[in-house]
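Visitor: Let me begin by handing over the structure; questions about it come next.
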Amino acid sequence: MAISTELIPSYLNLSKTEFKERVRNAYEILKECTLCPRDCRVNRLEGEKGVCRTGSKPFVSSYNPHFGEERPLVGRHGSGTIFMTNCNLLCIFCQNYAISHIGEGEEISLDELSNIMLYLQKLGCHNINFVTPTHQVSQILCALEIAIEKGLRIPLVYNSGGYESVETLKILDGIIDIYMPDFKYSDPEPALKYSKAKNYPEVAKASIKEMHRQVGDLIIDERGIAFRGLLVRHLVFPEGLAGTREIVRFLAEEISMNTYLNVMDQYYPCYRAFANPPLNRRITGKEFSEAVNMALESGLKRLDGIKV
């Protein structure tokens, strides 16, 4: 039975010519890399490496059906998660520091990355979930082109730290179905201290606006599975370091009251957080409740796991 055009992943609506042009544009950026706001301007095609310490080949840590993601992504068969090695943020508290800082993983071919996507689809995963894709957009697009030719037809999730270049996001317009950015900080000072990215708040706001422009509010089908749209994550830090009130205000007033938000209580100290109080402790129940109440008071109505 034919599937409604609305239920076809975005990338299947692009012509082959247009897709090839997107791939070409993405690889052109690697010659003087500005894929992310770090603007390292190194020639990654010639082996030079910037903040992300990644060259021109796909660099993957692991892949598997993931059942720990948000409910609309997981469904019955899991989210087809591909953990991309390294990161453009390098947060000192990263819970995946072995991947983001130490570089756990291996370089693979574009064809191998395409086969990973197809393998996860074959297992029944509801989507392909690229974790920390920002610095590997070019590689992902090229491998995706191969995977589409081989029969890939499930939605794509762009699961990022929220530190994105709007120009790079525009290359992904009509390709990514679900954007899932973090919104880590609303204050430049902790952004600088803990992620060496003082401009993170303004960059994240611009990025989330662009993501929402492309895909809109999160759409969930009759099975409870997300198919397209924006899903924002916000990790609550000790002593309100994340600046939750401004973040939820921004989402409610400048994005949409229907923004799907996961207010996360999972923070625990990792990596170098132990030497940087108050990040050297878990959050309290009171701190989490206050963050949730801020989201509710802002008017946001779609909080993951919380009945409104």
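Following the order of the structure tokens, first chain is A, next is B, and so on, with residues numbered from 1 inside each chain and ligands from 1 in the order they appear.
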List as a PyMOL selection string the protein and nucleic acid residues near segment 6-15 of chain A, meaning an atom at most 12 Å away when only C-alpha atoms are counted, but skip any in the same chain fewer than 2 places from it.

Guide: chain A and resi 2-4+17-22+126-128+141+144-145+147-149+151-157+171-178+214-215+219-222+225-229

Visitor: For the residues selected in the previous step, produce a file with N, CA and C atoms as a short mmCIF file (atom, residue, chain, number, x, y, z; two decimals), in the first residue's frame.

Guide:
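After the write, selection-v2.cif holds the following:
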```
data_model
loop_
_atom_site.label_atom_id
_atom_site.label_comp_id
_atom_site.auth_asym_id
_atom_site.auth_seq_id
_atom_site.Cartn_x
_atom_site.Cartn_y
_atom_site.Cartn_z
N ALA A 2 0.53 2.21 -0.81
CA ALA A 2 1.33 3.43 -0.91
C ALA A 2 1.27 4.21 0.39
N ILE A 3 2.41 4.80 0.76
CA ILE A 3 2.49 5.62 1.97
C ILE A 3 2.23 7.06 1.60
N SER A 4 1.45 7.75 2.41
CA SER A 4 1.17 9.16 2.20
C SER A 4 2.47 9.94 2.11
N THR A 17 19.72 15.14 -7.83
CA THR A 17 20.57 16.27 -8.19
C THR A 17 20.74 17.22 -7.01
N GLU A 18 19.62 17.51 -6.32
CA GLU A 18 19.68 18.40 -5.18
C GLU A 18 20.48 17.79 -4.04
N PHE A 19 20.31 16.49 -3.82
CA PHE A 19 21.05 15.84 -2.74
C PHE A 19 22.55 15.89 -3.01
N LYS A 20 22.94 15.61 -4.24
CA LYS A 20 24.37 15.66 -4.60
C LYS A 20 24.94 17.05 -4.39
N GLU A 21 24.13 18.07 -4.65
CA GLU A 21 24.58 19.44 -4.46
C GLU A 21 24.79 19.73 -2.98
N ARG A 22 23.91 19.20 -2.13
CA ARG A 22 24.07 19.39 -0.69
C ARG A 22 25.37 18.72 -0.21
N HIS A 126 13.04 2.67 14.76
CA HIS A 126 12.07 3.61 14.23
C HIS A 126 12.73 4.81 13.55
N ASN A 127 14.01 5.01 13.77
CA ASN A 127 14.72 6.15 13.20
C ASN A 127 16.22 5.88 13.25
N ILE A 128 16.96 6.70 12.53
CA ILE A 128 18.42 6.71 12.62
C ILE A 128 18.79 7.95 13.42
N LEU A 141 26.12 13.07 5.37
CA LEU A 141 25.35 13.31 4.15
C LEU A 141 25.81 12.39 3.01
N LEU A 144 24.71 8.94 3.76
CA LEU A 144 23.26 8.89 3.63
C LEU A 144 22.84 8.74 2.17
N GLU A 145 23.54 9.44 1.30
CA GLU A 145 23.24 9.32 -0.13
C GLU A 145 23.38 7.87 -0.59
N ALA A 147 23.18 5.21 1.42
CA ALA A 147 22.17 4.40 2.10
C ALA A 147 20.80 4.53 1.44
N ILE A 148 20.48 5.71 0.97
CA ILE A 148 19.19 5.91 0.29
C ILE A 148 19.11 5.04 -0.95
N GLU A 149 20.20 4.99 -1.70
CA GLU A 149 20.24 4.15 -2.90
C GLU A 149 20.05 2.68 -2.55
N GLY A 151 18.16 1.64 -0.05
CA GLY A 151 16.84 1.37 0.49
C GLY A 151 16.51 1.96 1.85
N LEU A 152 17.29 2.91 2.35
CA LEU A 152 16.97 3.52 3.63
C LEU A 152 15.68 4.34 3.50
N ARG A 153 14.77 4.22 4.48
CA ARG A 153 13.53 4.96 4.39
C ARG A 153 12.90 5.23 5.76
N ILE A 154 13.71 5.40 6.79
CA ILE A 154 13.18 5.78 8.10
C ILE A 154 13.70 7.17 8.48
N PRO A 155 13.00 7.87 9.37
CA PRO A 155 13.38 9.25 9.71
C PRO A 155 14.77 9.37 10.31
N LEU A 156 15.33 10.56 10.18
CA LEU A 156 16.65 10.87 10.73
C LEU A 156 16.52 11.82 11.91
N VAL A 157 17.27 11.52 12.97
CA VAL A 157 17.31 12.36 14.16
C VAL A 157 18.69 13.01 14.26
N ILE A 171 21.97 23.52 5.06
CA ILE A 171 22.30 22.43 4.15
C ILE A 171 21.46 21.19 4.46
N LEU A 172 21.05 21.06 5.71
CA LEU A 172 20.28 19.89 6.16
C LEU A 172 18.77 20.08 5.99
N ASP A 173 18.36 21.27 5.56
CA ASP A 173 16.93 21.55 5.38
C ASP A 173 16.32 20.58 4.37
N GLY A 174 15.26 19.89 4.76
CA GLY A 174 14.64 18.91 3.87
C GLY A 174 15.30 17.55 3.91
N ILE A 175 16.26 17.37 4.82
CA ILE A 175 16.94 16.08 4.97
C ILE A 175 16.69 15.50 6.37
N ILE A 176 16.91 16.33 7.39
CA ILE A 176 16.67 15.89 8.77
C ILE A 176 15.19 15.98 9.09
N ASP A 177 14.65 14.95 9.73
CA ASP A 177 13.24 14.93 10.11
C ASP A 177 13.02 15.42 11.53
N ILE A 178 13.90 15.02 12.44
CA ILE A 178 13.74 15.35 13.85
C ILE A 178 15.03 15.98 14.37
N GLN A 214 12.57 24.74 10.01
CA GLN A 214 12.61 23.63 9.05
C GLN A 214 11.56 22.56 9.33
N VAL A 215 11.39 22.18 10.59
CA VAL A 215 10.58 20.98 10.88
C VAL A 215 9.36 21.24 11.75
N ILE A 219 5.81 16.12 15.67
CA ILE A 219 4.64 15.36 15.22
C ILE A 219 4.81 13.92 15.66
N ILE A 220 3.80 13.38 16.35
CA ILE A 220 3.83 12.01 16.85
C ILE A 220 2.67 11.25 16.21
N ASP A 221 2.95 10.07 15.64
CA ASP A 221 1.90 9.32 14.93
C ASP A 221 1.03 8.52 15.90
N GLU A 222 0.11 7.74 15.32
CA GLU A 222 -0.86 7.02 16.14
C GLU A 222 -0.21 5.95 17.03
N ILE A 225 4.97 7.35 18.02
CA ILE A 225 6.34 7.51 17.51
C ILE A 225 6.50 8.86 16.83
N ALA A 226 7.55 9.58 17.18
CA ALA A 226 7.84 10.87 16.55
C ALA A 226 8.24 10.66 15.10
N PHE A 227 7.71 11.53 14.24
CA PHE A 227 8.04 11.41 12.82
C PHE A 227 8.76 12.64 12.28
N ARG A 228 8.44 13.80 12.82
CA ARG A 228 9.08 15.03 12.35
C ARG A 228 8.92 16.10 13.42
N GLY A 229 9.87 17.00 13.49
CA GLY A 229 9.72 18.13 14.38
C GLY A 229 10.89 18.34 15.32
#
```

Visitor: Sorted by chain and rising residue number, which residues of segment 78-113 of chain A lie within 12 Å of segment 31-43 of chain A, and what are their closest atom pairs and distances in Å to one decimal, counting only C-alpha atoms, as a Markdown table?

Guide:
```
| residue | atom | partner | partner_atom | distance |
| --- | --- | --- | --- | --- |
| A:Cys87 | CA | A:Cys36 | CA | 10.4 |
| A:Asn88 | CA | A:Cys36 | CA | 7.4 |
| A:Leu89 | CA | A:Arg38 | CA | 8.9 |
| A:Leu90 | CA | A:Arg38 | CA | 11.7 |
```

Visitor: Okay, now the selection with N, CA, C and O atoms, as a compact mmCIF listing (two decimals), in the first residue's frame?

Guide:
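Below you can see part.txt, which holds the result:
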```
# COMPACT_ATOMS: atom_id res chain seq x y z
N CYS A 87 33.74 15.75 19.49
CA CYS A 87 32.69 16.74 19.72
C CYS A 87 33.25 18.13 19.50
O CYS A 87 34.46 18.35 19.63
N ASN A 88 32.37 19.08 19.22
CA ASN A 88 32.82 20.47 19.05
C ASN A 88 32.63 21.31 20.31
O ASN A 88 32.98 22.48 20.33
N LEU A 89 32.09 20.70 21.39
CA LEU A 89 31.86 21.46 22.61
C LEU A 89 32.86 21.14 23.73
O LEU A 89 33.33 22.01 24.42
N LEU A 90 33.13 19.87 23.96
CA LEU A 90 34.12 19.45 24.96
C LEU A 90 33.78 19.94 26.37
O LEU A 90 34.61 20.50 27.08
```

Visitor: Quote the spacing between atom CA of Ala252 of chain A and atom CA of Ala206 of chain A in Å to one decimal place.

Guide: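 Taking atom CA of Ala252 of chain A and atom CA of Ala206 of chain A, their separation equals 14.7 Å.
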
Visitor: Looking at only C-alpha atoms, which of A:Ser138, A:Pro72, A:Phe93, A:Asp187 is the one that sits closest to Ser56 of chain A?

Guide: A:Ser138

Visitor: Can you list, as a VMD selection string, every protein, DNA or RNA residue that comes within 10 Å of Glu202 of chain A when you count only C-alpha atoms, leaving out same-chain residues fewer than 2 positions away?

Guide: chain A and resid 163 185 to 188 198 to 200 204 to 207

Visitor: Write out, as a PDB file, in the first residue's frame, the residues just selected, with C-alpha atoms.

Guide:
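Written out: part-v2.pdb:
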```
ATOM      1  CA  TYR A 163      26.156  24.515  19.261  1.00  0.00           C
ATOM      2  CA  TYR A 185      23.073  27.423  29.077  1.00  0.00           C
ATOM      3  CA  SER A 186      21.364  30.796  28.860  1.00  0.00           C
ATOM      4  CA  ASP A 187      24.315  32.611  30.490  1.00  0.00           C
ATOM      5  CA  PRO A 188      27.616  33.169  28.630  1.00  0.00           C
ATOM      6  CA  LYS A 198      30.962  31.966  25.601  1.00  0.00           C
ATOM      7  CA  ASN A 199      28.652  32.567  22.640  1.00  0.00           C
ATOM      8  CA  TYR A 200      26.725  29.344  23.286  1.00  0.00           C
ATOM      9  CA  ALA A 204      21.821  27.921  20.528  1.00  0.00           C
ATOM     10  CA  LYS A 205      18.911  30.342  20.206  1.00  0.00           C
ATOM     11  CA  ALA A 206      19.643  31.017  16.539  1.00  0.00           C
ATOM     12  CA  SER A 207      20.146  27.304  15.871  1.00  0.00           C
TER      13      SER A 207
END
```

Visitor: Go through segment 13-172 of chain A and collect every residue that DSSP, computed from the backbone, puts in strand (DSSP E or B); the answer should be as number ranges by chain.

Guide: A: 59-66, 79-84, 106-107, 128-131, 156-160

Visitor: Can you tell me, as a PyMOL selection string, what residues are no more than 6 Å from His234 of chain A when counting only C-alpha atoms, ignoring any on the same chain fewer than 4 positions away?

Guide: chain A and resi 182-183+263-264

Visitor: Generate the output file for the selected residues, N, CA and C atoms, as a PDB file, in the first residue's frame.

Guide:
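New file again21.pdb:
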```
ATOM      1  N   ASP A 182      20.363  19.919  22.558  1.00  0.00           N
ATOM      2  CA  ASP A 182      20.423  20.363  23.941  1.00  0.00           C
ATOM      3  C   ASP A 182      20.268  21.879  23.943  1.00  0.00           C
ATOM      4  N   PHE A 183      19.766  22.412  25.035  1.00  0.00           N
ATOM      5  CA  PHE A 183      19.897  23.840  25.318  1.00  0.00           C
ATOM      6  C   PHE A 183      20.529  23.891  26.702  1.00  0.00           C
ATOM      7  N   VAL A 263      12.922  18.125  30.311  1.00  0.00           N
ATOM      8  CA  VAL A 263      13.680  18.683  31.422  1.00  0.00           C
ATOM      9  C   VAL A 263      14.331  17.500  32.125  1.00  0.00           C
ATOM     10  N   MET A 264      15.644  17.450  32.090  1.00  0.00           N
ATOM     11  CA  MET A 264      16.369  16.240  32.490  1.00  0.00           C
ATOM     12  C   MET A 264      16.984  16.349  33.890  1.00  0.00           C
TER      13      MET A 264
END
```

Visitor: Using Å and a single decimal, report how far atom CA of Arg213 of chain A sits from atom CA of Met180 of chain A.

Guide: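 A separation of 13.7 Å between them.
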
Visitor: Have a look at A:Ser256, A:Thr81, A:Thr132, A:Asn64 and name the one nearest to Asn159 of chain A; count only C-alpha atoms.

Guide: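 Of all the options, A:Thr132 lies closest to Asn159 of chain A.
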
Visitor: List the neighbours of segment 99-103 of chain A out to 10 Å using only C-alpha atoms; skip same-chain residues closer than 5 positions along the sequence, and give me the result as a list of chain:residue names.

Guide: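 In the requested form, the answer reads A:Cys52, A:Arg53, A:Thr54, A:Phe59, A:Val60, A:Ser61, A:Ser62, A:Phe83, A:Met84, A:Thr85, A:Asn86, A:Cys87, A:Asn88, A:Leu89, A:Leu90, A:Cys91, A:Ile92, A:Cys94, A:Thr132, A:Tyr271.
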
Visitor: Produce a file of the selected residues containing all heavy atoms, as a short mmCIF file (atom, residue, chain, number, x, y, z; two decimals), in the first residue's frame.

Guide:
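The result, stored in part-v4.cif:
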```cif
data_model
loop_
_atom_site.label_atom_id
_atom_site.label_comp_id
_atom_site.auth_asym_id
_atom_site.auth_seq_id
_atom_site.Cartn_x
_atom_site.Cartn_y
_atom_site.Cartn_z
N CYS A 52 37.44 19.80 17.00
CA CYS A 52 36.79 18.48 17.03
C CYS A 52 37.75 17.32 16.79
O CYS A 52 37.37 16.15 16.95
CB CYS A 52 35.64 18.43 16.03
SG CYS A 52 36.17 18.37 14.30
N ARG A 53 38.97 17.63 16.37
CA ARG A 53 40.01 16.60 16.16
C ARG A 53 39.56 15.49 15.20
O ARG A 53 39.92 14.33 15.35
CB ARG A 53 40.42 15.99 17.50
CG ARG A 53 41.04 16.98 18.47
CD ARG A 53 41.06 16.45 19.88
NE ARG A 53 39.70 16.29 20.38
CZ ARG A 53 39.28 15.20 21.02
NH1 ARG A 53 40.10 14.20 21.27
NH2 ARG A 53 38.04 15.13 21.44
N THR A 54 38.78 15.87 14.21
CA THR A 54 38.23 14.89 13.27
C THR A 54 38.59 15.28 11.84
O THR A 54 38.49 16.46 11.48
CB THR A 54 36.69 14.82 13.41
OG1 THR A 54 36.37 14.55 14.78
CG2 THR A 54 36.10 13.73 12.54
N PHE A 59 33.85 8.96 11.73
CA PHE A 59 34.52 8.52 12.95
C PHE A 59 33.42 8.09 13.92
O PHE A 59 32.69 8.93 14.45
CB PHE A 59 35.35 9.67 13.52
CG PHE A 59 36.48 9.26 14.43
CD1 PHE A 59 37.46 10.19 14.78
CD2 PHE A 59 36.59 7.98 14.94
CE1 PHE A 59 38.52 9.86 15.62
CE2 PHE A 59 37.64 7.62 15.78
CZ PHE A 59 38.60 8.56 16.13
N VAL A 60 33.28 6.79 14.16
CA VAL A 60 32.13 6.25 14.89
C VAL A 60 32.60 5.49 16.13
O VAL A 60 33.56 4.72 16.06
CB VAL A 60 31.29 5.33 13.99
CG1 VAL A 60 30.19 4.62 14.78
CG2 VAL A 60 30.68 6.14 12.85
N SER A 61 31.90 5.69 17.23
CA SER A 61 32.21 4.98 18.47
C SER A 61 31.43 3.68 18.58
O SER A 61 31.99 2.62 18.86
CB SER A 61 31.92 5.87 19.68
OG SER A 61 32.09 5.15 20.87
N SER A 62 30.10 3.76 18.39
CA SER A 62 29.26 2.56 18.52
C SER A 62 27.91 2.82 17.86
O SER A 62 27.58 3.95 17.52
CB SER A 62 29.06 2.19 19.99
OG SER A 62 28.35 3.22 20.67
N PHE A 83 26.65 6.66 17.62
CA PHE A 83 27.45 7.61 18.39
C PHE A 83 28.68 8.02 17.57
O PHE A 83 29.57 7.20 17.33
CB PHE A 83 27.90 7.00 19.72
CG PHE A 83 26.80 6.88 20.73
CD1 PHE A 83 25.99 5.76 20.78
CD2 PHE A 83 26.57 7.91 21.65
CE1 PHE A 83 24.97 5.66 21.72
CE2 PHE A 83 25.56 7.81 22.58
CZ PHE A 83 24.75 6.68 22.63
N MET A 84 28.70 9.28 17.14
CA MET A 84 29.82 9.80 16.37
C MET A 84 30.92 10.24 17.35
O MET A 84 30.65 10.91 18.35
CB MET A 84 29.38 10.99 15.52
CG MET A 84 28.09 10.77 14.72
SD MET A 84 28.12 9.35 13.59
CE MET A 84 29.26 9.92 12.33
N THR A 85 32.15 9.86 17.05
CA THR A 85 33.27 10.15 17.95
C THR A 85 33.69 11.62 17.88
O THR A 85 33.63 12.25 16.83
CB THR A 85 34.46 9.25 17.59
OG1 THR A 85 34.08 7.89 17.78
CG2 THR A 85 35.67 9.54 18.48
N ASN A 86 34.16 12.13 19.03
CA ASN A 86 34.61 13.50 19.21
C ASN A 86 33.43 14.48 19.26
O ASN A 86 32.28 14.08 19.09
CB ASN A 86 35.65 13.91 18.16
CG ASN A 86 36.95 13.14 18.30
OD1 ASN A 86 37.34 12.77 19.40
ND2 ASN A 86 37.62 12.89 17.18
N CYS A 87 33.74 15.75 19.49
CA CYS A 87 32.69 16.74 19.72
C CYS A 87 33.25 18.13 19.50
O CYS A 87 34.46 18.35 19.63
CB CYS A 87 32.16 16.59 21.15
SG CYS A 87 30.81 17.71 21.58
N ASN A 88 32.37 19.08 19.22
CA ASN A 88 32.82 20.47 19.05
C ASN A 88 32.63 21.31 20.31
O ASN A 88 32.98 22.48 20.33
CB ASN A 88 32.08 21.13 17.87
CG ASN A 88 30.60 21.36 18.17
OD1 ASN A 88 29.96 20.57 18.87
ND2 ASN A 88 30.04 22.41 17.61
N LEU A 89 32.09 20.70 21.39
CA LEU A 89 31.86 21.46 22.61
C LEU A 89 32.86 21.14 23.73
O LEU A 89 33.33 22.01 24.42
CB LEU A 89 30.43 21.22 23.12
CG LEU A 89 29.39 22.24 22.65
CD1 LEU A 89 28.02 21.88 23.20
CD2 LEU A 89 29.75 23.66 23.06
N LEU A 90 33.13 19.87 23.96
CA LEU A 90 34.12 19.45 24.96
C LEU A 90 33.78 19.94 26.37
O LEU A 90 34.61 20.50 27.08
CB LEU A 90 35.52 19.94 24.56
CG LEU A 90 36.01 19.46 23.18
CD1 LEU A 90 37.36 20.07 22.86
CD2 LEU A 90 36.07 17.95 23.12
N CYS A 91 32.53 19.70 26.79
CA CYS A 91 32.09 20.09 28.12
C CYS A 91 32.86 19.31 29.19
O CYS A 91 33.07 18.10 29.05
CB CYS A 91 30.59 19.82 28.28
SG CYS A 91 29.58 20.60 27.00
N ILE A 92 33.24 19.99 30.25
CA ILE A 92 34.07 19.34 31.27
C ILE A 92 33.29 18.31 32.10
O ILE A 92 33.89 17.54 32.84
CB ILE A 92 34.71 20.37 32.23
CG1 ILE A 92 33.63 21.09 33.05
CG2 ILE A 92 35.56 21.35 31.46
CD1 ILE A 92 34.18 21.89 34.21
N CYS A 94 31.02 16.11 30.65
CA CYS A 94 30.40 15.20 29.69
C CYS A 94 30.33 13.77 30.21
O CYS A 94 31.33 13.18 30.63
CB CYS A 94 31.17 15.22 28.37
SG CYS A 94 30.39 14.17 27.10
N THR A 132 25.82 13.54 18.40
CA THR A 132 26.94 14.46 18.18
C THR A 132 27.37 14.46 16.71
O THR A 132 28.51 14.14 16.37
CB THR A 132 28.15 14.10 19.07
OG1 THR A 132 27.69 13.70 20.36
CG2 THR A 132 29.06 15.30 19.25
N TYR A 271 34.08 13.18 34.53
CA TYR A 271 35.28 13.77 33.94
C TYR A 271 35.87 14.83 34.87
O TYR A 271 36.29 14.52 35.98
CB TYR A 271 34.94 14.30 32.55
CG TYR A 271 36.13 14.55 31.66
CD1 TYR A 271 37.14 13.60 31.52
CD2 TYR A 271 36.25 15.75 30.96
CE1 TYR A 271 38.24 13.84 30.70
CE2 TYR A 271 37.33 15.98 30.13
CZ TYR A 271 38.33 15.04 30.02
OH TYR A 271 39.41 15.28 29.21
#
```

Visitor: Skipping near chain neighbours, those fewer than 3 positions away, what residues fall within 8 Å of Gly55 of chain A using only C-alpha atoms, listed as an NGL selection string?

Guide: :A and (44-45 or 47-49)

Visitor: Restrict the selected residues to N, CA and C atoms and save them as a short mmCIF file (atom, residue, chain, number, x, y, z; two decimals), in the first residue's frame.

Guide:
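Below is the file out.cif, written as the result:
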```
data_model
loop_
_atom_site.label_atom_id
_atom_site.label_comp_id
_atom_site.auth_asym_id
_atom_site.auth_seq_id
_atom_site.Cartn_x
_atom_site.Cartn_y
_atom_site.Cartn_z
N ARG A 44 40.32 20.11 6.49
CA ARG A 44 40.14 18.74 6.96
C ARG A 44 40.30 17.72 5.84
N LEU A 45 40.15 18.16 4.61
CA LEU A 45 40.36 17.24 3.48
C LEU A 45 41.83 16.91 3.30
N GLY A 47 43.85 16.60 5.98
CA GLY A 47 44.31 16.02 7.23
C GLY A 47 44.46 16.97 8.39
N GLU A 48 44.21 18.27 8.18
CA GLU A 48 44.29 19.22 9.29
C GLU A 48 43.09 19.02 10.21
N LYS A 49 43.30 19.27 11.50
CA LYS A 49 42.23 19.06 12.47
C LYS A 49 42.10 20.25 13.40
#
```
